[in-house]
Structure formats: C-alpha cells, structure tokens
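**Student:** Have a peek at input.pdb (PDB, C-alpha atoms (C1' of nucleotides)).
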ATOM      1  CA  MET K1493       0.743  11.705   5.297
ATOM      2  CA  THR K1494       3.840  12.429   3.321
ATOM      3  CA  THR K1495       3.174  12.027  -0.365
ATOM      4  CA  PRO K1496       5.312   9.184  -1.648
ATOM      5  CA  ASP K1497       7.765   9.794  -4.429
ATOM      6  CA  PRO K1498       6.359   9.525  -7.970
ATOM      7  CA  LEU K1499       8.069   6.250  -8.818
ATOM      8  CA  SER K1500       6.684   4.606  -5.701
ATOM      9  CA  GLN K1501       3.255   5.903  -6.607
ATOM     10  CA  VAL K1502       3.515   4.390 -10.062
ATOM     11  CA  PHE K1503       4.640   0.984  -8.826
ATOM     12  CA  SER K1504       1.977   1.063  -6.153
ATOM     13  CA  ALA K1505      -0.697   1.881  -8.713
ATOM     14  CA  LEU K1506       0.484  -1.041 -10.826
ATOM     15  CA  SER K1507       0.329  -3.464  -7.911
ATOM     16  CA  ASP K1508      -3.401  -4.061  -8.320
ATOM     17  CA  PRO K1509      -4.733  -6.331 -11.090
ATOM     18  CA  THR K1510      -7.908  -4.313 -11.586
ATOM     19  CA  ARG K1511      -5.876  -1.176 -12.170
ATOM     20  CA  ARG K1512      -3.530  -2.939 -14.567
ATOM     21  CA  SER K1513      -6.536  -4.254 -16.425
ATOM     22  CA  ILE K1514      -7.978  -0.754 -16.616
ATOM     23  CA  LEU K1515      -4.744   0.593 -18.068
ATOM     24  CA  GLY K1516      -4.747  -2.227 -20.576
ATOM     25  CA  ARG K1517      -8.194  -1.344 -21.805
ATOM     26  CA  LEU K1518      -7.342   2.340 -21.990
ATOM     27  CA  ALA K1519      -4.461   1.521 -24.287
ATOM     28  CA  ASN K1520      -6.981   0.950 -27.035
ATOM     29  CA  THR K1521      -9.369   3.815 -26.467
ATOM     30  CA  GLU K1522     -10.678   6.334 -24.006
ATOM     31  CA  LEU K1523     -13.478   5.023 -21.825
ATOM     32  CA  THR K1524     -15.968   6.493 -19.388
ATOM     33  CA  VAL K1525     -16.175   5.400 -15.775
ATOM     34  CA  SER K1526     -19.223   3.186 -16.291
ATOM     35  CA  GLU K1527     -17.699   1.630 -19.358
ATOM     36  CA  LEU K1528     -14.560   0.900 -17.412
ATOM     37  CA  ALA K1529     -16.515  -0.488 -14.484
ATOM     38  CA  GLU K1530     -18.662  -2.851 -16.499
ATOM     39  CA  PRO K1531     -16.413  -5.955 -16.586
ATOM     40  CA  TYR K1532     -15.499  -5.919 -12.912
ATOM     41  CA  ASP K1533     -17.379  -7.400 -10.047
ATOM     42  CA  MET K1534     -17.272  -4.358  -7.833
ATOM     43  CA  SER K1535     -19.204  -1.191  -7.186
ATOM     44  CA  LEU K1536     -18.841   2.062  -9.070
ATOM     45  CA  PRO K1537     -17.291   3.871  -6.092
ATOM     46  CA  ALA K1538     -14.619   1.197  -5.966
ATOM     47  CA  ILE K1539     -13.784   1.965  -9.588
ATOM     48  CA  THR K1540     -13.759   5.679  -8.827
ATOM     49  CA  LYS K1541     -11.157   4.986  -6.164
ATOM     50  CA  HIS K1542      -9.001   2.950  -8.503
ATOM     51  CA  LEU K1543      -9.180   5.742 -11.059
ATOM     52  CA  LYS K1544      -8.135   8.211  -8.395
ATOM     53  CA  VAL K1545      -5.068   6.112  -7.658
ATOM     54  CA  LEU K1546      -4.190   5.948 -11.345
ATOM     55  CA  GLU K1547      -4.776   9.655 -11.715
ATOM     56  CA  ASN K1548      -2.583  10.509  -8.738
ATOM     57  CA  ALA K1549       0.152   8.394 -10.264
ATOM     58  CA  ARG K1550      -0.387  10.360 -13.493
ATOM     59  CA  LEU K1551      -1.119   7.142 -15.329
ATOM     60  CA  ILE K1552      -4.430   8.463 -16.593
ATOM     61  CA  SER K1553      -5.961  11.848 -17.194
ATOM     62  CA  ARG K1554      -9.631  12.731 -17.091
ATOM     63  CA  GLY K1555     -11.762  14.627 -19.544
ATOM     64  CA  LYS K1556     -15.141  16.208 -19.102
ATOM     65  CA  THR K1557     -17.968  15.799 -21.560
ATOM     66  CA  ALA K1558     -21.503  16.345 -20.319
ATOM     67  CA  GLN K1559     -21.823  14.119 -17.268
ATOM     68  CA  TYR K1560     -19.047  11.834 -18.452
ATOM     69  CA  ARG K1561     -15.452  11.911 -17.219
ATOM     70  CA  PRO K1562     -13.642   9.917 -19.874
ATOM     71  CA  CYS K1563     -10.325   8.388 -18.904
ATOM     72  CA  LYS K1564      -7.259   8.531 -21.071
ATOM     73  CA  LEU K1565      -4.053   6.586 -20.696
ATOM     74  CA  GLU K1566      -0.956   8.635 -19.907
ATOM     75  CA  ALA K1567       1.778   6.083 -20.217
ATOM     76  CA  GLU K1568       4.565   8.562 -19.665
ATOM     77  CA  PRO K1569       5.137   7.640 -15.995
ATOM     78  CA  LEU K1570       5.590   4.052 -17.091
ATOM     79  CA  LYS K1571       8.766   5.169 -18.777
ATOM     80  CA  LYS K1572      10.219   6.015 -15.371
ATOM     81  CA  ALA K1573       9.257   2.606 -14.083
ATOM     82  CA  ASP K1574      10.707   1.039 -17.188
ATOM     83  CA  ASP K1575      13.922   2.981 -16.747
ATOM     84  CA  TRP K1576      14.263   1.766 -13.195
ATOM     85  CA  ILE K1577      13.669  -1.865 -14.095
ATOM     86  CA  SER K1578      15.846  -1.740 -17.171
ATOM     87  CA  THR K1579      18.855  -1.262 -14.937
ATOM     88  CA  TYR K1580      18.421  -4.912 -13.994
ATOM     89  CA  ARG K1581      17.805  -6.194 -17.464
ATOM     90  CA  ARG K1582      21.283  -7.640 -17.698
ATOM     91  CA  PHE K1583      20.352 -10.059 -14.923
ATOM     92  CA  TRP K1584      17.892 -11.911 -17.046
ATOM     93  CA  GLU K1585      19.585 -11.372 -20.371
ATOM     94  CA  GLU K1586      22.602 -13.552 -19.676
ATOM     95  CA  SER K1587      25.005 -10.681 -20.123
ATOM     96  CA  PHE K1588      26.555 -10.995 -16.722
ATOM     97  CA  ASP K1589      29.868  -9.749 -18.019
ATOM     98  CA  ARG K1590      31.057  -6.178 -17.580
ATOM     99  CA  LEU K1591      29.540  -6.103 -14.157
ATOM    100  CA  ASP K1592      31.604  -3.237 -12.892
ATOM    101  CA  ASP K1593      30.280  -0.691 -15.372
ATOM    102  CA  TYR K1594      26.993  -0.573 -13.575
ATOM    103  CA  LEU K1595      28.138  -0.538 -10.015
ATOM    104  CA  GLN K1596      27.697   3.188  -9.594
ATOM    105  CA  THR K1597      24.547   3.807 -11.570
ATOM    106  CA  LEU K1598      22.694   0.992  -9.896
ATOM    107  CA  GLN K1599      22.737   2.931  -6.696
ATOM    108  CA  ALA K1600      21.237   6.004  -8.291
ATOM    109  CA  GLU K1601      18.421   5.958  -5.817
ATOM    110  CA  GLY K1602      20.804   5.613  -2.944
ATOM    111  CA  PRO K1603      20.185   5.201   0.770
ATOM    112  CA  GLN K1604      17.311   7.152   2.240
ATOM    113  CA  LYS K1605      18.646   8.009   5.614
ATOM    114  CA  GLY K1606      16.197  10.077   7.571
ATOM    115  CA  LYS K1607      13.956  10.531   4.626
ATOM    116  CA  GLN K1608      11.681   7.787   5.702
ATOM    117  CA  ASN K1609       8.678   8.680   7.745
ATOM    118  CA  GLY K1610      11.087  10.056  10.259
ATOM    119  CA  LYS K1611       8.979   9.560  13.282
ATOM    120  CA  SER K1612      11.708   9.263  15.844
ATOM    121  CA  LYS K1613       9.342   8.971  18.754
TER     122      LYS K1613
ATOM    123  CA  MET P 754      -5.921 -13.339   3.103
ATOM    124  CA  THR P 755      -5.777 -14.396  -0.499
ATOM    125  CA  THR P 756      -2.235 -14.295  -1.779
ATOM    126  CA  PRO P 757      -2.039 -11.743  -4.545
ATOM    127  CA  ASP P 758      -0.848 -12.739  -7.978
ATOM    128  CA  PRO P 759       2.942 -12.743  -8.488
ATOM    129  CA  LEU P 760       3.033  -9.679 -10.704
ATOM    130  CA  SER P 761       1.092  -7.650  -8.167
ATOM    131  CA  GLN P 762       3.484  -8.824  -5.489
ATOM    132  CA  VAL P 763       6.455  -7.678  -7.523
ATOM    133  CA  PHE P 764       5.026  -4.248  -8.249
ATOM    134  CA  SER P 765       3.989  -3.902  -4.641
ATOM    135  CA  ALA P 766       7.479  -4.818  -3.462
ATOM    136  CA  LEU P 767       8.911  -2.193  -5.792
ATOM    137  CA  SER P 768       6.596   0.506  -4.489
ATOM    138  CA  ASP P 769       8.806   1.280  -1.506
ATOM    139  CA  PRO P 770      11.999   3.354  -1.907
ATOM    140  CA  THR P 771      13.864   1.479   0.815
ATOM    141  CA  ARG P 772      13.197  -1.816  -0.916
ATOM    142  CA  ARG P 773      14.237  -0.457  -4.302
ATOM    143  CA  SER P 774      17.395   0.866  -2.708
ATOM    144  CA  ILE P 775      18.074  -2.540  -1.193
ATOM    145  CA  LEU P 776      17.681  -4.225  -4.559
ATOM    146  CA  GLY P 777      20.040  -1.683  -6.044
ATOM    147  CA  ARG P 778      22.725  -2.475  -3.536
ATOM    148  CA  LEU P 779      22.247  -6.205  -3.974
ATOM    149  CA  ALA P 780      22.919  -5.804  -7.671
ATOM    150  CA  ASN P 781      26.544  -5.247  -6.775
ATOM    151  CA  THR P 782      27.049  -7.974  -4.228
ATOM    152  CA  GLU P 783      25.406 -10.166  -1.670
ATOM    153  CA  LEU P 784      24.936  -8.473   1.680
ATOM    154  CA  THR P 785      23.963  -9.528   5.168
ATOM    155  CA  VAL P 786      20.972  -8.082   6.969
ATOM    156  CA  SER P 787      23.033  -5.761   9.148
ATOM    157  CA  GLU P 788      25.053  -4.608   6.192
ATOM    158  CA  LEU P 789      21.861  -3.881   4.326
ATOM    159  CA  ALA P 790      20.364  -2.105   7.297
ATOM    160  CA  GLU P 791      23.282   0.182   7.968
ATOM    161  CA  PRO P 792      22.459   3.126   5.656
ATOM    162  CA  TYR P 793      18.815   3.398   6.636
ATOM    163  CA  ASP P 794      17.307   5.253   9.499
ATOM    164  CA  MET P 795      15.144   2.437  10.777
ATOM    165  CA  SER P 796      15.351  -0.547  13.075
ATOM    166  CA  LEU P 797      16.627  -3.982  12.172
ATOM    167  CA  PRO P 798      13.170  -5.595  12.445
ATOM    168  CA  ALA P 799      11.922  -3.071   9.916
ATOM    169  CA  ILE P 800      14.619  -4.240   7.521
ATOM    170  CA  THR P 801      13.723  -7.855   8.229
ATOM    171  CA  LYS P 802      10.179  -7.061   7.192
ATOM    172  CA  HIS P 803      11.282  -5.390   3.979
ATOM    173  CA  LEU P 804      13.423  -8.394   3.182
ATOM    174  CA  LYS P 805      10.456 -10.648   3.791
ATOM    175  CA  VAL P 806       8.442  -8.678   1.269
ATOM    176  CA  LEU P 807      11.233  -8.926  -1.289
ATOM    177  CA  GLU P 808      11.622 -12.623  -0.591
ATOM    178  CA  ASN P 809       7.907 -13.286  -0.980
ATOM    179  CA  ALA P 810       8.028 -11.504  -4.316
ATOM    180  CA  ARG P 811      10.988 -13.753  -5.215
ATOM    181  CA  LEU P 812      13.143 -10.679  -5.777
ATOM    182  CA  ILE P 813      15.770 -11.913  -3.368
ATOM    183  CA  SER P 814      16.843 -15.266  -1.962
ATOM    184  CA  ARG P 815      18.498 -15.912   1.373
ATOM    185  CA  GLY P 816      21.590 -17.888   2.231
ATOM    186  CA  LYS P 817      22.772 -19.231   5.527
ATOM    187  CA  THR P 818      26.319 -18.868   6.765
ATOM    188  CA  ALA P 819      26.936 -19.065  10.483
ATOM    189  CA  GLN P 820      24.560 -16.564  12.044
ATOM    190  CA  TYR P 821      24.367 -14.579   8.843
ATOM    191  CA  ARG P 822      21.544 -14.772   6.330
ATOM    192  CA  PRO P 823      23.042 -13.132   3.256
ATOM    193  CA  CYS P 824      20.667 -11.719   0.672
ATOM    194  CA  LYS P 825      21.058 -12.270  -3.024
ATOM    195  CA  LEU P 826      19.273 -10.479  -5.829
ATOM    196  CA  GLU P 827      16.960 -12.614  -7.948
ATOM    197  CA  ALA P 828      16.036 -10.217 -10.675
ATOM    198  CA  GLU P 829      14.119 -12.696 -12.752
ATOM    199  CA  PRO P 830      10.667 -11.630 -11.511
ATOM    200  CA  LEU P 831      11.542  -8.179 -12.764
ATOM    201  CA  LYS P 832      11.376  -9.636 -16.232
ATOM    202  CA  LYS P 833       7.670 -10.231 -15.773
ATOM    203  CA  ALA P 834       7.216  -6.656 -14.653
ATOM    204  CA  ASP P 835       9.296  -5.494 -17.567
ATOM    205  CA  ASP P 836       7.214  -7.576 -19.955
ATOM    206  CA  TRP P 837       4.034  -6.028 -18.658
ATOM    207  CA  ILE P 838       5.312  -2.498 -18.954
ATOM    208  CA  SER P 839       6.877  -3.090 -22.345
ATOM    209  CA  THR P 840       3.389  -3.433 -23.798
ATOM    210  CA  TYR P 841       3.086   0.303 -23.338
ATOM    211  CA  ARG P 842       6.482   1.216 -24.631
ATOM    212  CA  ARG P 843       5.084   2.460 -27.913
ATOM    213  CA  PHE P 844       3.331   5.210 -26.011
ATOM    214  CA  TRP P 845       6.497   6.961 -25.056
ATOM    215  CA  GLU P 846       8.642   6.051 -28.016
ATOM    216  CA  GLU P 847       9.378   8.308 -30.923
ATOM    217  CA  SER P 848       7.588   6.245 -33.534
ATOM    218  CA  PHE P 849       4.152   6.321 -32.013
ATOM    219  CA  ASP P 850       1.592   8.662 -33.490
ATOM    220  CA  ARG P 851       3.591  11.741 -32.841
ATOM    221  CA  LEU P 852       1.527  14.057 -34.995
ATOM    222  CA  ASP P 853      -1.819  12.924 -33.712
ATOM    223  CA  ASP P 854      -0.597  13.201 -30.150
ATOM    224  CA  TYR P 855       0.658  16.700 -30.834
ATOM    225  CA  LEU P 856      -2.622  17.862 -32.310
ATOM    226  CA  GLN P 857      -4.579  16.536 -29.383
ATOM    227  CA  THR P 858      -2.228  18.253 -26.986
ATOM    228  CA  LEU P 859      -2.755  21.580 -28.750
ATOM    229  CA  GLN P 860      -6.472  21.170 -28.652
ATOM    230  CA  ALA P 861      -6.499  20.224 -24.989
ATOM    231  CA  GLU P 862      -4.179  22.892 -23.662
ATOM    232  CA  GLY P 863      -4.743  25.926 -25.794
ATOM    233  CA  PRO P 864      -2.107  28.279 -27.237
ATOM    234  CA  GLN P 865      -0.347  29.881 -24.270
ATOM    235  CA  LYS P 866       0.050  26.967 -21.956
ATOM    236  CA  GLY P 867       3.499  25.622 -22.700
ATOM    237  CA  LYS P 868       3.357  22.902 -20.152
ATOM    238  CA  GLN P 869       5.466  19.946 -19.107
ATOM    239  CA  ASN P 870       6.976  18.071 -22.005
ATOM    240  CA  GLY P 871       9.467  19.627 -24.270
ATOM    241  CA  LYS P 872       9.501  16.632 -26.520
ATOM    242  CA  SER P 873       8.908  18.532 -29.650
ATOM    243  CA  LYS P 874      10.158  16.844 -32.703
TER     244      LYS P 874
ATOM    245  C1'  DA U 841      29.229 -23.175  29.954
ATOM    246  C1'  DG U 842      28.722 -18.368  29.163
ATOM    247  C1'  DC U 843      28.957 -14.283  26.465
ATOM    248  C1'  DA U 844      28.661 -11.695  22.092
ATOM    249  C1'  DT U 845      26.771 -11.051  17.562
ATOM    250  C1'  DA U 846      23.133 -11.641  13.894
ATOM    251  C1'  DT U 847      18.620 -12.070  12.965
ATOM    252  C1'  DT U 848      13.826 -12.981  13.745
ATOM    253  C1'  DT U 849       9.438 -13.028  16.306
ATOM    254  C1'  DA U 850       5.864 -10.960  19.082
ATOM    255  C1'  DA U 851       3.037  -7.428  20.376
ATOM    256  C1'  DC U 852       1.676  -3.165  19.469
ATOM    257  C1'  DC U 853       0.402   1.225  16.968
ATOM    258  C1'  DA U 854      -0.944   4.534  13.271
ATOM    259  C1'  DT U 855      -2.123   5.013   8.759
ATOM    260  C1'  DA U 856      -3.189   3.175   4.122
ATOM    261  C1'  DT U 857      -5.885   0.252   1.069
ATOM    262  C1'  DG U 858      -9.777  -1.756  -1.064
ATOM    263  C1'  DG U 859     -14.102  -2.732  -0.604
ATOM    264  C1'  DT U 860     -19.168  -1.637   0.803
ATOM    265  C1'  DT U 861     -23.878   1.171   0.897
ATOM    266  C1'  DA U 862     -26.283   5.488   0.971
ATOM    267  C1'  DA U 863     -26.421  10.129  -0.212
ATOM    268  C1'  DA U 864     -24.904  14.083  -2.892
ATOM    269  C1'  DT U 865     -23.697  16.347  -7.153
ATOM    270  C1'  DA U 866     -23.561  17.453 -12.225
ATOM    271  C1'  DC U 867     -25.503  17.507 -16.321
ATOM    272  C1'  DA U 868     -29.178  16.192 -20.149
ATOM    273  C1'  DA U 869     -33.549  15.648 -21.605
ATOM    274  C1'  DA U 870     -38.567  16.087 -21.149
TER     275       DA U 870
ATOM    276  C1'  DT E1287     -39.114  21.838 -13.006
ATOM    277  C1'  DT E1288     -38.803  17.197 -12.734
ATOM    278  C1'  DT E1289     -36.590  13.077 -13.874
ATOM    279  C1'  DG E1290     -32.879  10.082 -15.365
ATOM    280  C1'  DT E1291     -28.044   9.013 -15.946
ATOM    281  C1'  DA E1292     -23.048   9.444 -14.638
ATOM    282  C1'  DT E1293     -20.042  10.041 -11.210
ATOM    283  C1'  DT E1294     -18.294  11.295  -6.757
ATOM    284  C1'  DT E1295     -18.364  11.852  -1.711
ATOM    285  C1'  DA E1296     -19.178  10.279   2.947
ATOM    286  C1'  DA E1297     -19.137   7.038   6.370
ATOM    287  C1'  DC E1298     -17.934   2.799   7.538
ATOM    288  C1'  DC E1299     -15.405  -1.741   7.857
ATOM    289  C1'  DA E1300     -11.699  -5.304   7.596
ATOM    290  C1'  DT E1301      -7.229  -6.135   6.488
ATOM    291  C1'  DA E1302      -2.559  -4.727   5.031
ATOM    292  C1'  DT E1303       1.579  -1.955   5.609
ATOM    293  C1'  DG E1304       5.446   0.054   7.766
ATOM    294  C1'  DG E1305       7.218   1.317  11.662
ATOM    295  C1'  DT E1306       8.413   0.664  16.866
ATOM    296  C1'  DT E1307      10.448  -1.841  21.292
ATOM    297  C1'  DA E1308      11.325  -5.976  23.859
ATOM    298  C1'  DA E1309      12.193 -10.662  23.841
ATOM    299  C1'  DA E1310      13.532 -14.943  21.635
ATOM    300  C1'  DT E1311      16.498 -17.671  18.759
ATOM    301  C1'  DA E1312      20.769 -19.156  16.305
ATOM    302  C1'  DT E1313      25.417 -19.349  15.884
ATOM    303  C1'  DG E1314      30.395 -18.399  16.955
ATOM    304  C1'  DC E1315      34.044 -17.509  20.274
ATOM    305  C1'  DT E1316      36.593 -18.045  24.779
TER     306       DT E1316
END
For the structure just supplied, provide its representation as structure tokens.
**Tutor:**
Amino acid sequence: MTTPDPLSQVFSALSDPTRRSILGRLANTELTVSELAEPYDMSLPAITKHLKVLENARLISRGKTAQYRPCKLEAEPLKKADDWISTYRRFWEESFDRLDDYLQTLQAEGPQKGKQNGKSK
Amino acid sequence: MTTPDPLSQVFSALSDPTRRSILGRLANTELTVSELAEPYDMSLPAITKHLKVLENARLISRGKTAQYRPCKLEAEPLKKADDWISTYRRFWEESFDRLDDYLQTLQAEGPQKGKQNGKSK
DNA sequence: AGCATATTTAACCATATGGTTAAATACAAA
DNA sequence: TTTGTATTTAACCATATGGTTAAATATGCT
C-alpha cells in the first residue's frame, strides 16, 4: 500500500463531487462534521471517510472544540494542482505559438520507470 | 455503473502519475501507443487502459493510421478543472487576508513551532 | 497467402473506494 | 453517574482500479 504522491492524492480527492462540494462550503466558513453532512444523502460515517480523504490530501485541517471537530479549508495543495494544470493553459488560450519554449518543462514529471507498484511477479 | 460527471472524470484521470506523464509527453507531439509505453515499466495492455481512461475523460483523442492509433492531447477539459480550482486561488495568493491568516497561525501553533511555510511577508 | 508489427480484448487478481449499519468513544450537561 | 450529542471505528459489501498474461484483431510487407 504505497502512499501515492501528494499531487495524485489531491487530484484523487477532487475526483468526487461530494468532496468538491464540501471544499466549496468550507471556503466560506469552518463547519463541523454534522453541519457538513446535513445537505448530503448519506450517512455520517460516509462523510467521516470523505473528510479523511480530504485531510490526507491536506485539503482540510481539523480542529477540536468540545465534542466537535471543525473542518477548515487548506487550499494550499490546490496550488500544486493549479501549477500542474497551468502548464497546459496555452492549449485553451489560443496561444499556440512559441511551442518549443515549453517542451522541456512539460515533462517535469517525467517517466516513472520502476516507480510504479513494481510488482514484477 | 453510473457514469461520473465530466469534472470528476477529469480529476480522476489526473490522479495517476503515469497518466499525467503521458499527457505531458503528448503536449509536445502526437505519439503512438508503443511510443507512449516505452518509458514505463508496465505492459502494453496497462497502457491501453490508461489511454482509455484519458480518452473517456476527453483528455486525449485517437487517430488511425495503418495499424497505429496515435494519441493527441485534448487539453480543453483541463480548462474546466482549472476553472474549478481557480475559485480557490485567492486562498494562496498574496492579496488574501494575509494578516488574519498570520494571526490565526500564531494562535494555532504557538511560539516555538516554526513549521512548514516560510511565506512571511 | 503468410508473417510481422501494433494494439486491443479477455480473464484474472489484489487492493482501493464509497457506501452501509452497529458499536465504540469523547465530551457536555444534568 | 447517567444521559445526550458528536464523531469515529469496525465489519461488511459491491464495484472500481491498476496491474498481469494469453489470445484475438488489424494492418502492412514479402
């Protein structure tokens, strides 16, 4: 169970609409677990799991006040995601000129030879 | 098997380092499946699957030339992802509530815990 | 036709994900 | 100490994901 790299964790956390919705609501204010859970048609433990995913991706942090564990948005990791995506911004911004300048930096992440779940049987 | 919403599909596709690497290489040029597969330590069918995920998320399109199925980057769905993330940009940008953020950090961490971010200002 | 190359499909496997219900834990208030 | 509220953990389930190997398919070349 190799822990995935942070950027993968962030993108993975964002790949669920409930979690994105949760982040959206936390942008305005901190909220407790029950408050967060209220609008969704799922059990409290399901919300707890979603929060755990967001917490592991560092997208939220938790406080502790009496029996409440308020959740706070930590948007910092989104900057990394934004940085990654922004490399491709030129593709939808019609500035297809000066292609060559990016050819190196685009491969910053590079090939992952052997780094992948290397279960070579 | 309800098909997830497009944005979730995009984020999910981006949550794997091999797939991000593939997109990065396709930013430079179109590539065939075998060409794409070459740097990675996994089988061709595994690559085929990754390409299917990217294709379903509309992040690539496929051509057909002889027995080759060249892959082409279609970065446009990334714009949707970028739009979503950009809502949070204020959280990591200079202009946003720097002082208030700083005070809360002090209160939360205490005096001697000079943690993580050196973004003093 | 027959062989080689490129790619996909099928079947399988292990682990991850996203949900459930029931029980446990943590704290507050009587 | 008991009770109520907030939250998490445990156990379970179905499906998804990411990989494998072996076989099938598609096309080009002699």
**Student:** Looking at only C-alpha atoms, which of K:Glu1566, K:Glu1527, K:Glu1547, K:Asp1533 is the one that sits closest to chain P?
**Tutor:**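 Looking at the shortest contact to chain P, the residue is K:Glu1566.
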**Student:** Choose the residue, out of K:Leu1523, K:Val1502, K:Ile1552, K:Leu1543, that has the smallest atom-to-atom separation from chain P; count all atoms listed in the file.
**Tutor:** K:Val1502
**Student:** Could you list, as a PyMOL selection string, every residue matched by the PyMOL selection byres ((chain U) within 12 of (chain K)) in this structure?
**Tutor:** chain U and resi 853-862+865-868
**Student:** Hey, what comes out of the PyMOL selection byres ((chain E and resi 1310-1315) around 10) on this file? Could you write it as a PyMOL selection string?
**Tutor:** (chain P and resi 818-821) or (chain U and resi 843-850) or (chain E and resi 1308-1309+1316)
**Student:** For the PyMOL selection byres ((chain K and resi 1524) around 10), applied here, can you spell out every residue it catches as a list in words?
**Tutor:**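 On the file shown, the PyMOL selection byres ((chain K and resi 1524) around 10) covers Leu1518, Glu1522, Leu1523, Val1525, Ser1526, Glu1527, Leu1528, Ala1529, Arg1554, Gly1555, Lys1556, Thr1557, Gln1559, Tyr1560, Arg1561, Pro1562, Cys1563 and Lys1564 of chain K; DA1292 and DT1293 of chain E.
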**Student:** Identify which of the residues K:Leu1499, K:Pro1531, K:Val1545, K:Ile1514 lies closest to chain P, counting all atoms listed in the file when measuring atom-to-atom distances.
**Tutor:**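 For chain P, the nearest of the given residues is K:Leu1499.
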**Student:** Grab the CA of Ala766 in chain P to CA of Ile838 in chain P distance for me, in Å with one decimal place.
**Tutor:**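 Atom-to-atom, CA of Ala766 in chain P and CA of Ile838 in chain P are spaced 15.8 Å apart.
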**Student:** Using only C-alpha atoms (C1' of nucleotides), which residue out of K:Ala1567, K:Arg1581, K:Leu1536, K:Trp1576 lies closest to chain E?
**Tutor:**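 Checking each candidate against chain E, we get K:Leu1536 as the closest.
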**Student:** For a test of reading the model, state the distance in Å between CA of Gln1501 in chain K and CA of Lys1544 in chain K, rounded to one decimal.
**Tutor:** 11.8 Å
**Student:** Rank nothing, just name the residue among P:Thr755, P:Asn809, P:Asn781, P:Ser761 nearest to chain E, using only C-alpha atoms (C1' of nucleotides).
**Tutor:**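 With only C-alpha atoms (C1' of nucleotides) as the atom set, the closest residue is P:Thr755.
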**Student:** Give me the residues of chain E that have any atom at most 12 Å from an atom of chain K; for each, the nearest atom pair and the distance in Å, rounded to one decimal. Use all atoms listed in the file, sort by chain and number, and format it as CSV.
**Tutor:**
residue,atom,partner,partner_atom,distance
E:DG1290,C1',K:Gln1559,CA,11.9
E:DT1291,C1',K:Gln1559,CA,8.2
E:DA1292,C1',K:Gln1559,CA,5.5
E:DT1293,C1',K:Gln1559,CA,7.5
E:DT1294,C1',K:Thr1540,CA,7.5
E:DT1295,C1',K:Pro1537,CA,9.2
E:DA1296,C1',K:Pro1537,CA,11.2
E:DG1304,C1',K:Asn1609,CA,9.2
E:DG1305,C1',K:Asn1609,CA,8.5
E:DT1306,C1',K:Lys1613,CA,8.6
E:DT1307,C1',K:Lys1613,CA,11.2
**Student:** One decimal, Å: what's the distance from CA of Phe1583 in chain K over to CA of Thr840 in chain P, could you say?
**Tutor:** 20.3 Å
**Student:** Around range 1298-1313 of chain E, fit a box with edges along x, y and z, padding it by 4 Å on each side, then list its centre and edge lengths in Å to one decimal as JSON.
**Tutor:**
{"center_x": 3.7, "center_y": -8.3, "center_z": 14.4, "size_x": 51.4, "size_y": 30.1, "size_z": 26.8}
**Student:** Please produce range 794-806 of chain P, completed to N, CA and C atoms, as a CSV table (one decimal), keeping the file's coordinate frame.
**Tutor:**
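Contents of rebuild19.csv, as written:
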chain,number,residue,atom,x,y,z
P,794,ASP,N,17.7,4.7,8.2
P,794,ASP,CA,17.3,5.3,9.5
P,794,ASP,C,16.1,4.5,10.0
P,795,MET,N,16.2,3.2,10.2
P,795,MET,CA,15.1,2.4,10.8
P,795,MET,C,15.7,1.2,11.5
P,796,SER,N,14.9,0.6,12.3
P,796,SER,CA,15.4,-0.5,13.1
P,796,SER,C,15.6,-1.8,12.2
P,797,LEU,N,16.3,-2.7,12.8
P,797,LEU,CA,16.6,-4.0,12.2
P,797,LEU,C,15.4,-4.8,11.8
P,798,PRO,N,14.4,-4.9,12.8
P,798,PRO,CA,13.2,-5.6,12.4
P,798,PRO,C,12.5,-5.0,11.2
P,799,ALA,N,12.5,-3.7,11.1
P,799,ALA,CA,11.9,-3.1,9.9
P,799,ALA,C,12.6,-3.6,8.6
P,800,ILE,N,13.9,-3.7,8.7
P,800,ILE,CA,14.6,-4.2,7.5
P,800,ILE,C,14.2,-5.7,7.3
P,801,THR,N,14.2,-6.5,8.3
P,801,THR,CA,13.7,-7.9,8.2
P,801,THR,C,12.4,-7.9,7.5
P,802,LYS,N,11.5,-7.1,7.9
P,802,LYS,CA,10.2,-7.1,7.2
P,802,LYS,C,10.3,-6.7,5.7
P,803,HIS,N,11.1,-5.7,5.4
P,803,HIS,CA,11.3,-5.4,4.0
P,803,HIS,C,11.9,-6.6,3.2
P,804,LEU,N,12.8,-7.2,3.8
P,804,LEU,CA,13.4,-8.4,3.2
P,804,LEU,C,12.4,-9.5,3.0
P,805,LYS,N,11.5,-9.6,3.9
P,805,LYS,CA,10.5,-10.6,3.8
P,805,LYS,C,9.6,-10.3,2.6
P,806,VAL,N,9.3,-9.1,2.4
P,806,VAL,CA,8.4,-8.7,1.3
P,806,VAL,C,9.2,-9.0,0.0
